[in-house]
Every structure is written in structure tokens, then in C-alpha cells.
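Novice: Sharing a structure below in C-alpha cells format, with a few things to ask.
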Amino acid sequence: MTGNPQLTADGRLRHLLSIEGLPAEILVQILDTARSFVSVTEREVKKVPLLRGRSIFNLFFEPSTRTRTTFEIAAKRLSADVINLNIATSSQTKGETLLDTVANLTAMNADMFVVRHAESGAPHLIARHVGPHIHVVNAGDGRHAHPTQALLDMYTIRHYKGGFDQLRVAIVGDVLHSRVARSEIHALTTLGVPEVRVIGPRTLIPAQVERLGVRVYHDMAQGLRDVDVVMMLRLQNERMDGALLPSAQEYFNHYGLTAAKLALARPDAIVMHPGPMNRGIEIESSVADGAQSVILPQVTFGIAVRMAVMSILAGNQG
Amino acid sequence: MTGNPQLTADGRLRHLLSIEGLPAEILVQILDTARSFVSVTEREVKKVPLLRGRSIFNLFFEPSTRTRTTFEIAAKRLSADVINLNIATSSQTKGETLLDTVANLTAMNADMFVVRHAESGAPHLIARHVGPHIHVVNAGDGRHAHPTQALLDMYTIRHYKGGFDQLRVAIVGDVLHSRVARSEIHALTTLGVPEVRVIGPRTLIPAQVERLGVRVYHDMAQGLRDVDVVMMLRLQNERMDGALLPSAQEYFNHYGLTAAKLALARPDAIVMHPGPMNRGIEIESSVADGAQSVILPQVTFGIAVRMAVMSILAGNQG
Amino acid sequence: MTGNPQLTADGRLRHLLSIEGLPAEILVQILDTARSFVSVTEREVKKVPLLRGRSIFNLFFEPSTRTRTTFEIAAKRLSADVINLNIATSSQTKGETLLDTVANLTAMNADMFVVRHAESGAPHLIARHVGPHIHVVNAGDGRHAHPTQALLDMYTIRHYKGGFDQLRVAIVGDVLHSRVARSEIHALTTLGVPEVRVIGPRTLIPAQVERLGVRVYHDMAQGLRDVDVVMMLRLQNERMDGALLPSAQEYFNHYGLTAAKLALARPDAIVMHPGPMNRGIEIESSVADGAQSVILPQVTFGIAVRMAVMSILAGNQG
């Protein structure tokens with residue numbers, strides 16, 4: 001395949017599969033469009049008729065009630081018909097392949113697939129096999145990408161900081177296993193953030209991550225110094241018992257975000273988290289609920305960003 | 001907290017958490033509003049645009065397809081967008097707290113939460129933590145309350161008996177473990193029913209229940225004599241094997257509603273049951289399906305009552 | 001009960017329970033109506049207001065994400081309110097009977113039940129107990145019938161072959177356990193197909209199937225010779241290990257549809273399959289995806305056929 005599978009021949013967004021490979025203009029277009037939807041979601045009648053009569057399928061091969069809910073709400077507020085399919089318990093178990101499932105749903109005149117899958121690359125595979133009128137949104141694939149999360153994070157940063165080109169941003173935690181971190185790094189560097197740091201224990205920082213344009217810190221105090229934005233990552237429960245980590249308590253001592261550690265950042269630094277939080281493990285409750293936290297606004301902006309992505313895709317055929 | 005958490009500062013209904021503490025005027029307002037919705041549900045186009053563009057979340061922490069379905073239908077007939085969340089299998093299992101879940105959904109611009117929870121008080125806890133534009137409906141919490149069930153029962157009684165102030169009403173069965181019974185007793189006494197009886201074995205009647213204004217009977221024949229309304233309770237399967245009860249057969253012999261026992265009530269007495277029924281255990285099939293049974297009309301009125309509650313709440317900000 | 005339970009007193013379709021017993025005119029009416037809906041599903045706004053405000057319940061007592069999805073999409077494109085109920089995990093487990101469940105949903109002012117059940121005859125039982133304004137669609141019951149599958153197959157055949165009265169049609173595979181095959185045979189003979197063949201091993205062909213007006217072949221090469229339509233059946237996984245069949249490989253050798261075997265049919269023969277396919281067991285991938293395959297158009301037509309059935313039923317009261 002030549003060209004960028006996410007873009008049409010004339011450079012408009014056809015699928016949203018990863019932040020990597022998208023030009024800054026498209027990221028900005030999504031953020032600008034989302035701004036108009038924030039006001040829609042604040043109205044009493046939180047609904048616009050933009051996608052009326054379109055059929056959007058939430059294809060969740062990996063369960064995630066929270067993420068599915070955000071896409072379901074966004075689609076309903078665009079007046080689309082939404083079908084939720086939790087595939088683990090259905091035709092996949094009857095031995096049908098991923099591509100047969102998608103081909104069947106396509107034959108039902110689907111307009112858009114929102115795909116969550118434990119395998120990296122599954123949304124790309126689907127995107128390669130659908131016709132020109134069908135759009136694919138990656139809602140998280142393996143350790144690869146979670147582009148709508150990164151976009152809502154960028155919206156949040158722009159909302160609170162006004163722009164990107166003067167910022168120091170730190171991403172803290174299990175960068176190695178995090179599709180969120182990967183997408184955030186690509187978004188931050190594409191939008192011109194001059195200094196992106198990753199902070200975490202050696203076992204949870206990918207080798208050669210510097211190639212993505214970030215600086216690595218293993219010491220939380222050094223890494224947080226003078227940053228404008230602290231982006232915490234969720235620590236997966238399954239990591240806590242493994243060889244990669246000491247105890248949860250020791251992790252918290254070193255990398256948990258406390259008020260004392262946050263004081264090392266700039267006084268107006270904002271604190272972000274993609275949720276759901278492990279309070280007392282990666283973040284102290286007083287910080288999660290504190291004045292610098294923008295964790296709940298992230299959620300609000302996330303609906304608007306997903307409405308923006310869906311409405312932009314639906315307008316870009318071919 | 002001062003004042004009634006269910007009411008706004010000027011005394012309108014803000015949340016529906018329990019019947020206890022609500023003035024009779026509000027119960028009557030709900031019943032009167034429900035009457036107009038009964039005619040909507042009899043039309044071919046069973047839909048009014050009252051809650052168009054509102055986002056209602058069915059938060060079921062305890063599974064109940066039947067109750068969830070009644071709220072889902074009611075919300076759809078009001079043209080709301082409904083999101084069903086079965087939380088047992090989702091973010092709760094990721095270690096997120098109840099309040100974090102609710103805070104997140106609130107940040108998605110939820111308008112109303114319909115909450116079912118195995119813990120008594122969970123809907124109250126949620127109501128204490130949501131902003132002034134958000135409404136909470138208790139769809140059953142622990143052994144505490146099930147207010148919409150009690151309201152639909154009151155609607156049914158008023159429909160068939162014309163009012164409350166001349167009635168003798170008997171509630172029969174496992175009063176001890178029943179949130180339905182608790183809510184019914186509060187509703188009946190608030191609406192002025194002069195004589196409310198509870199009938200059941202000593203092991204299934206709460207100590208000091210007389211303080212709620214009811215008379216206790218352990219003999220079914222005495223308790224049913226001359227009543228106008230017989231409200232049966234569902235016997236939970238898990239009680240039948242326990243120390244609290246002899247065999248199901250013996251329970252039926254003493255407290256099961258048969259035609260012979262029903263003959264002791266007034267000839268025009270009505271028979272009610274919240275469903276689902278255990279035929280042959282708490283009620284004989286011929287009675288459940290007989291001329292005095294109003295069990296299916298209860299279900300019909302239940303949709304209208306839930307539409308009434310949701311539409312009244314949505315109109316009462318702050 | 002006198003008369004056909006599927007028809008109103010004046011011969012219009014009231015329920016769709018099985019193809020058996022339906023006159024050809026009704027089958028043709030459904031196919032003709034479906035043709036108009038095919039164009040709806042090709043539009044950007046895939047929605048007509050025909051069933052606005054109607055409540056359609058998908059009652060799935062046997063899980064089938066694919067079939068449920070087709071009915072859900074069809075109902076939403078008709079603007080109905082759809083409620084999905086997976087009954088295995090709900091009130092049935094509380095000991096409520098099938099008829100109590102249906103009576104309750106009827107009391108919620110249901111308009112239509114789409115029923116899938118592992119027991120043959122369950123949709124008929126429901127149809128006998130609902131009031132005159134309620135319609136039942138069989139979405140597959142035991143080994144008995146799957147009438148909407150047969151109707152979409154007939155639509156597909158008519159679309160590609162122009163009619164029925166000059167055709168040779170072969171149905172291949174596990175005819176014995178297939179509700180699809182049973183419904184297809186009735187549809188084909190009712191619509192005037194002069195030659196219907198069934199092909200399969202002796203253990204998977206019902207005794208005396210010839211009484212339905214079909215010819216039996218145990219040899220695939222003989223059975224496929226000069227046919228216009230090849231209708232493959234899905235081989236249930238649970239059959240493959242049993243006494244009825246040798247190995248999957250040996251089954252494929254004898255009855256799997258390969259390019260070589262298909263060459264024995266007429267050169268313009270079409271290949272059909274109800275899905276989901278077991279590639280390499282009942283059908284070779286190159287045939288499933290080949291030029292003669294109309295498997296994906298079947299799916300597309302299936303949505304339109306279900307829209308046709310629902311809209312016709314909704315118009316026929318009493």
C-alpha cells in the first residue's frame with residue numbers, strides 16, 4: 001500500500017487509526033471541531049442531526065465499558081444509530097474470522113466501525129479491507145495506539161495552556177505497556193511541544209524511546225521539575241505482581257503523584273489521567289481531586305473530541 | 001446536610017430515593033402525571049419529545065433485566081438517549097470506586113442516573129455527590145427502598161379503588177428482606193390508608209415494624225379478613241433453603257395465596273404482586289391469573305409511573 | 001385453534017412463524033416490499049419513519065449476536081424503539097415461565113416480539129398467547145424454522161435468477177439438524193421451484209425428506225450437476241466430533257464445496273451460505289470469496305427483508 005492509510009488521496013482524514021503519521025493540521029482540525037461540540041454537550045438538548053440515519057458499530061473485541069460508553073454517547077448525540085457488539089461472546093467463538101465479521105457488518109450497510117482489540121494492528125487490518133464509504137476509528141489496540149485518548153488530552157492541554165509551543169510535558173508511569181503514552185508522545189511532538197519527558201522505572205520505559213523525541217527520567221523529582229503538564233498513566237493491575245515491579249507501595253513511593261512531588265512542577269501545572277485511576281498507587285487522592293487536576297474535564301472534552309472525529313470522518317468519502 | 005436530600009430548596013422533587021420523607025402532595029403529583037402517560041403508552045406512536053437530547057444512564061450494579069427494561073422503555077418513550085451500564089463486569093472490577101464512576105459519567109454530561117445496587121444507601125450516596133442539574137432515581141437498593149415499585153402500586157390501588165382513605169391493605173410474605181414492602185408501607189401510610197397489615201411468619205417480619213403504623217398478623221386467615229387490597233411479596237429463592245423458613249410447600253400451605261384464602265378478603269379485593277412470581281409458592285396460579293388479579297395492569301402502570309418520575313425530575317433544577 | 005395462526009381472519013400476515021403454511025402471494029409480497037427497502041439501506045440517511053414510536057423486543061433465549069444485530073438494525077432503520085433482552089441471564093433464571101415473561105412485556109405495551117429459542121415451537125406458543133395488536137417473528141427455533149433466513153435466500157435467488165420456475169436448486173450439508181434447510185425447502189417449493197435437491201451423508205439427511213418434494217443425493221458430484229443455485233448449510237461444530245460424522249477433513253473431501261465441484265453446476269450458478277462460514281470445512285475459501293458467491297449480498301438483502309417483514313406485520317392488526 002502506498003500513501004497513508006488514514007488519509008484520502010487528497011489528504012483528508014478517512015480513518016483514525018493512530019496519531020503517528022497524521023499532520024498537525026488534521027489534529028488541529030479535530031480540536032477546532034471539538035470546540036463547537038463542547039457547547040452542544042452543555043445544552044439541555046444535547047443532540048445535533050449530523051449523522052442521522054448512519055449506522056455506527058462499536059466493535060469491542062476487548063471489554064471496556066468506559067470507552068464504549070464515550071463512543072456510544074458521542075454517536076447518539078450526533079443522532080446516529082449505534083449498535084454495540086461485544087465480540088468475544090459471539091460469532092468469533094463460532095470460528096468466524098475478524099475479516100468475515102467485518103465483511104458481514106459491512107454488508108449490513110455499516111458506515112463506521114469503532115474498534116477495540118487486544119491485538120495491535122487489528123483496526124488497520126480492518127481499514128485495509130473496507131470499502132471507500134466506510135470509516136474505522138481505533139478505540140485502543142494492544143500496546144499500539146489509542147488516538148482519541150491522545151486527542152482529548154491535547155484538547156485539554158490547549159484549553160488550559162492556550163497552545164503547545166512553550167510547554168514542558170511529563171508522562172509518568174508504565175510507558176512500556178501503554179498505548180495511551182505512545183499516542184500522547186506522537187500528538188505532543190506533532191503539535192510542537194518543545195520538551196516531552198517520560199518518567200518511570202527502567203523496567204517500564206521502552207528501550208530507545210528517545211528516538212520518539214522524548215527525554216527519559218527515572219527520578220520523579222528531576223522529571224517533574226518545572227513542567228507545565230503532568231500526564232499520569234494507569235498502572236495495570238497485572239503488572240503489580242510481576243517481575244517488572246516491586247510492591248504497589250514501593251511504586252507509589254517512587255512514582256506515585258503526591259502533593260509534595262507535584263510542588264516541583266510549575267505552580268500552574270495541570271494534572272491529567274486517562275482513567276480509571278488507582279488511587280493511592282499511581283496518584284494520591286488529594287492530587288486527583290485537587291485544584292490542579294483536570295481529570296474530569298478530560299472526560300467532558302473526550303465526548304466532544306469523539307463527536308468531532310466521527311463527524312469529520314463521515315464527511316470525507318473516498 | 002440539612003433538609004430533605006430528595007427535595008429542592010423550594011420543596012420540589014429533585015431525586016427519587018425513597019418514599020420515606022416525601023409529602024403526600026408529591027406522591028399525588030407523580031400519580032396524576034402518570035395518568036397522562038398511560039394514554040401515551042396506549043397510542044400507536046408511544047413517544048413524546050419531553051426528554052429529547054437528555055442522557056439517562058441505567059446504572060445497574062445488581063442485575064435486573066426486568067426493572068432495567070421498564071426504565072429503558074420509559075426513557076425511550078420520553079425520547080431520551082439511554083445508556084445501559086452493567087457495572088459488575090466493568091470499571092468497578094478495575095478498582096474504580098462508585099463515586100469515581102459516577103463522577104466520570106457526570107463529566108460526560110449525564111442528566112439522570114437510574115441506580116440499582118445491592119447496598120442500601122448507594123443511590124443516596126450518589127445523590128449527595130452530583131451537581132444540581134443531575135437527578136438520581138433509586139431502582140432498588142439493598143433491603144432499603146424501591147420507590148417506583150411502591151408508586152406504581154399506589155397508582156394501581158387508586159385506579160381500582162378510587163382513593164386511599166377507606167381501605168384495608170394487607171402486605172403478605174417476606175417483609176423482613178423486602179425493599180418493596182418497606183416502600184409500600186411508607187406510601188400507603190403517607191397517602192392516608194387507615195389500616196395497613198403485614199402478614200408473615202415470625203422469622204420474616206421485622207421487629208418493631210408496628211412503629212411504621214402497621215398491624216402484624218402471623219395467621220393468614222385473620223390477616224386477610226375484609227381487606228380491600230392484597231399485596232403479595234416475592235419469596236427470594238435463597239430464603240427457601242435457609243433457617244428462616246421450613247420447606248416451600250409448608251410456606252405455601254401457610255402463606256401462599258389460594259382462592260380459598262382470598263375468599264376471606266372483601267369480594268372486590270384486588271390481588272397484586274411485584275413480579276416475577278413464584279407460582280405455587282407464594283401464589284396459586286389460578287389466583288395470579290384470576291379475575292381479582294391486577295398484576296399485569298401493575299406492569300402497564302409501572303411504565304407510565306416511571307415516565308412521570310423522570311419527566312418531573314427533569315423539570316426540577318437545583 | 002382453527003385456521004392458520006400466522007394469518008389474520010382475512011388472510012393477511014399476522015405473525016411470521018414458519019414458511020410452512022404461507023401462501024406464495026405472501027412470500028412474494030414480502031420480497032416485493034423488501035425491494036423498496038434495499039434502496040433505503042443504500043442511502044446516506046438509512047431511515048424511514050414507518051415504525052416510529054413502536055416498541056420491538058428482541059427476545060433471545062439462545063445467544064446469536066449476528067441474527068440479533070440484523071433485526072436490531074432493521075428495526076432502527078424503521079425508526080422503532082428496540083429493546084434487546086438476553087433472557088438466559090435474567091428473569092428466566094428467577095424461575096419465571098416463558099409465558100409470564102411475555103405477558104409482562106406485553107403489559108409494557110410491546111408491539112412486536114422477535115424470538116430466538118432453542119426449543120422448537122416456542123415462537124408459536126408465544127403467538128398463541130398474545131393479543132391481537134402484537135406480532136411475533138420467529139428468528140430461529142430449535143430445529144424447526146428460520147423463516148427470515150429463507151426469505152432473504154429467496155430474495156437473493158430472485159435477484160440473481162429473475163424468478164423461480166425454471167430453477168434447479170441444491171441444498172448441501174447437515175439437512176437433518178438445520179432449521180434453515182427446512183425453511184428453505186418450504187419456500188422453494190411454495191414459490192414454484194421445479195427441482196429441489198438435498199445433498200449430504202445418510203446420517204445428516206432426515207428420513208422421508210422426499211415427502212417435502214425434494215430429491216436426495218448422497219453424492220455431491222451427482223447432486224450438483226446442472227444446478228442453478230447451490231445453498232450451503234453451516235456444519236455445527238458439535239456435530240464434527242460425534243458419531244454422525246467422520247473427521248472434518250473427510251467431510252470436506254466429500255461435501256465441502258470446492259471450485260472443482262462447483263464446476264459441475266451450471267456456469268452461472270450462484271453460491272449461497274447463511275453464515276457464519278466454516279472455511280475449509282463446508283466451503284473452500286476461494287469459492288466463498290469467488291465470482292459466483294452471493295454470500296455478502298445475502299446479508300445486505302437480509303436487512304431489507306427483515307424491514308419488510310416488520311413493516312408488513314405492523315400494518316396488519318387483528
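Ligands are numbered from 1 in the order shown, residues from 1 within each chain, and chains are lettered A, B, ... in the order they appear in the C-alpha cells.
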Per DSSP on the backbone, filter range 185-280 of chain B down to the residues in strand (DSSP E) and report them as a list in words.

Specialist: Glu195, Val196, Arg197, Val198, Ile199, Val214, Arg215, Val216, Tyr217, Val229, Val230, Met231, Met232, Ile270, Val271 and Met272 of chain B

Novice: Please produce a file of those selected residues containing C-alpha atoms, as a PDB file, in the first residue's frame.

Specialist:
```
ATOM      1  CA  GLU B 195     -55.321   0.208  58.035  1.00  0.00           C
ATOM      2  CA  VAL B 196     -52.153  -1.438  56.740  1.00  0.00           C
ATOM      3  CA  ARG B 197     -51.478  -5.013  57.771  1.00  0.00           C
ATOM      4  CA  VAL B 198     -48.373  -7.132  57.309  1.00  0.00           C
ATOM      5  CA  ILE B 199     -48.752 -10.919  57.286  1.00  0.00           C
ATOM      6  CA  VAL B 214     -48.918  -1.302  60.553  1.00  0.00           C
ATOM      7  CA  ARG B 215     -50.606  -4.238  62.298  1.00  0.00           C
ATOM      8  CA  VAL B 216     -48.835  -7.581  62.342  1.00  0.00           C
ATOM      9  CA  TYR B 217     -50.570 -10.894  61.631  1.00  0.00           C
ATOM     10  CA  VAL B 229     -56.109  -4.982  48.657  1.00  0.00           C
ATOM     11  CA  VAL B 230     -53.761  -7.974  48.930  1.00  0.00           C
ATOM     12  CA  MET B 231     -50.166  -7.139  48.088  1.00  0.00           C
ATOM     13  CA  MET B 232     -48.095 -10.297  47.774  1.00  0.00           C
ATOM     14  CA  ILE B 270     -57.650  -6.832  44.259  1.00  0.00           C
ATOM     15  CA  VAL B 271     -54.521  -9.018  44.207  1.00  0.00           C
ATOM     16  CA  MET B 272     -51.123  -7.502  43.465  1.00  0.00           C
TER      17      MET B 272
END
```

Novice: Among range 53-251 of chain C, which ones does DSSP place in helix (DSSP H, G or I), written as a count of residues only?

Specialist: 85

Novice: I'd like the contact shell of Pro49 in chain A - 9 Å cut-off, only C-alpha atoms, skipping same-chain residues fewer than 6 positions apart - returned as a list in words.

Specialist: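 My list of contacting residues is Arg77, Leu78, Ser79 and Ala80 of chain A.
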
Novice: What gap, in Å, lies between CA of Thr190 in chain C and CA of Lys161 in chain C?

Specialist: 16.6 Å

Novice: Could you work out which residues of chain B fall inside 12 Å of chain A? Count only C-alpha atoms, and format the result as a PyMOL selection string.

Specialist: chain B and resi 49-59+79-111+133-134+314-315+317

Novice: Quick one: everything within 8 Å of Met154 in chain B, counting only C-alpha atoms, minus sequence neighbours fewer than 2 positions away in the same chain. Send it as a list in words.

Specialist: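 Residues meeting the cut-off are Leu31, Ala150, Leu151, Leu152, Thr156, Ile157, Arg158, Ala187 and Leu188 of chain B.
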
Novice: Go ahead and write the selection's residues with C-alpha atoms as a tab-separated table (two decimals), in the first residue's frame.

Specialist:
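Wrote it out as again.tsv, contents follow:
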```tsv
chain	number	residue	atom	x	y	z
B	31	LEU	CA	-49.70	9.65	40.19
B	150	ALA	CA	-44.37	1.46	45.52
B	151	LEU	CA	-45.58	4.32	43.33
B	152	LEU	CA	-46.88	2.02	40.62
B	156	THR	CA	-52.87	0.66	40.70
B	157	ILE	CA	-54.72	0.90	44.00
B	158	ARG	CA	-56.07	4.36	43.18
B	187	ALA	CA	-46.51	5.09	50.57
B	188	LEU	CA	-49.73	3.65	51.99
```

Novice: Would you please work out which residue, of C:Gly140, C:Gly290, C:Pro246, C:Gly131, is nearest to Leu17 in chain C when using only C-alpha atoms?

Specialist: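 Checking each candidate against Leu17 in chain C, we get C:Gly140 as the closest.
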
Novice: Counting only C-alpha atoms, what is within 9 Å of Leu16 in chain B, bar same-chain residues fewer than 2 positions away, as a list in words?

Specialist: Gln6, Leu7, Leu13, Arg14, Ser18, Ile19, His135, Val136, Val137, Asn138, Pro147, Thr148, Val309 and Leu313 of chain B

Novice: Would you work out the distance separating CA of Gly192 in chain A from CA of Phe164 in chain A, expressed in Å to one decimal?

Specialist: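 Computing the Euclidean distance for CA of Gly192 in chain A and CA of Phe164 in chain A yields 6.0 Å.
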
Novice: Record the distance separating CA of Pro132 in chain C and CA of Arg12 in chain C, expressed in Å with one decimal.

Specialist: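 So the answer is 12.9 Å.
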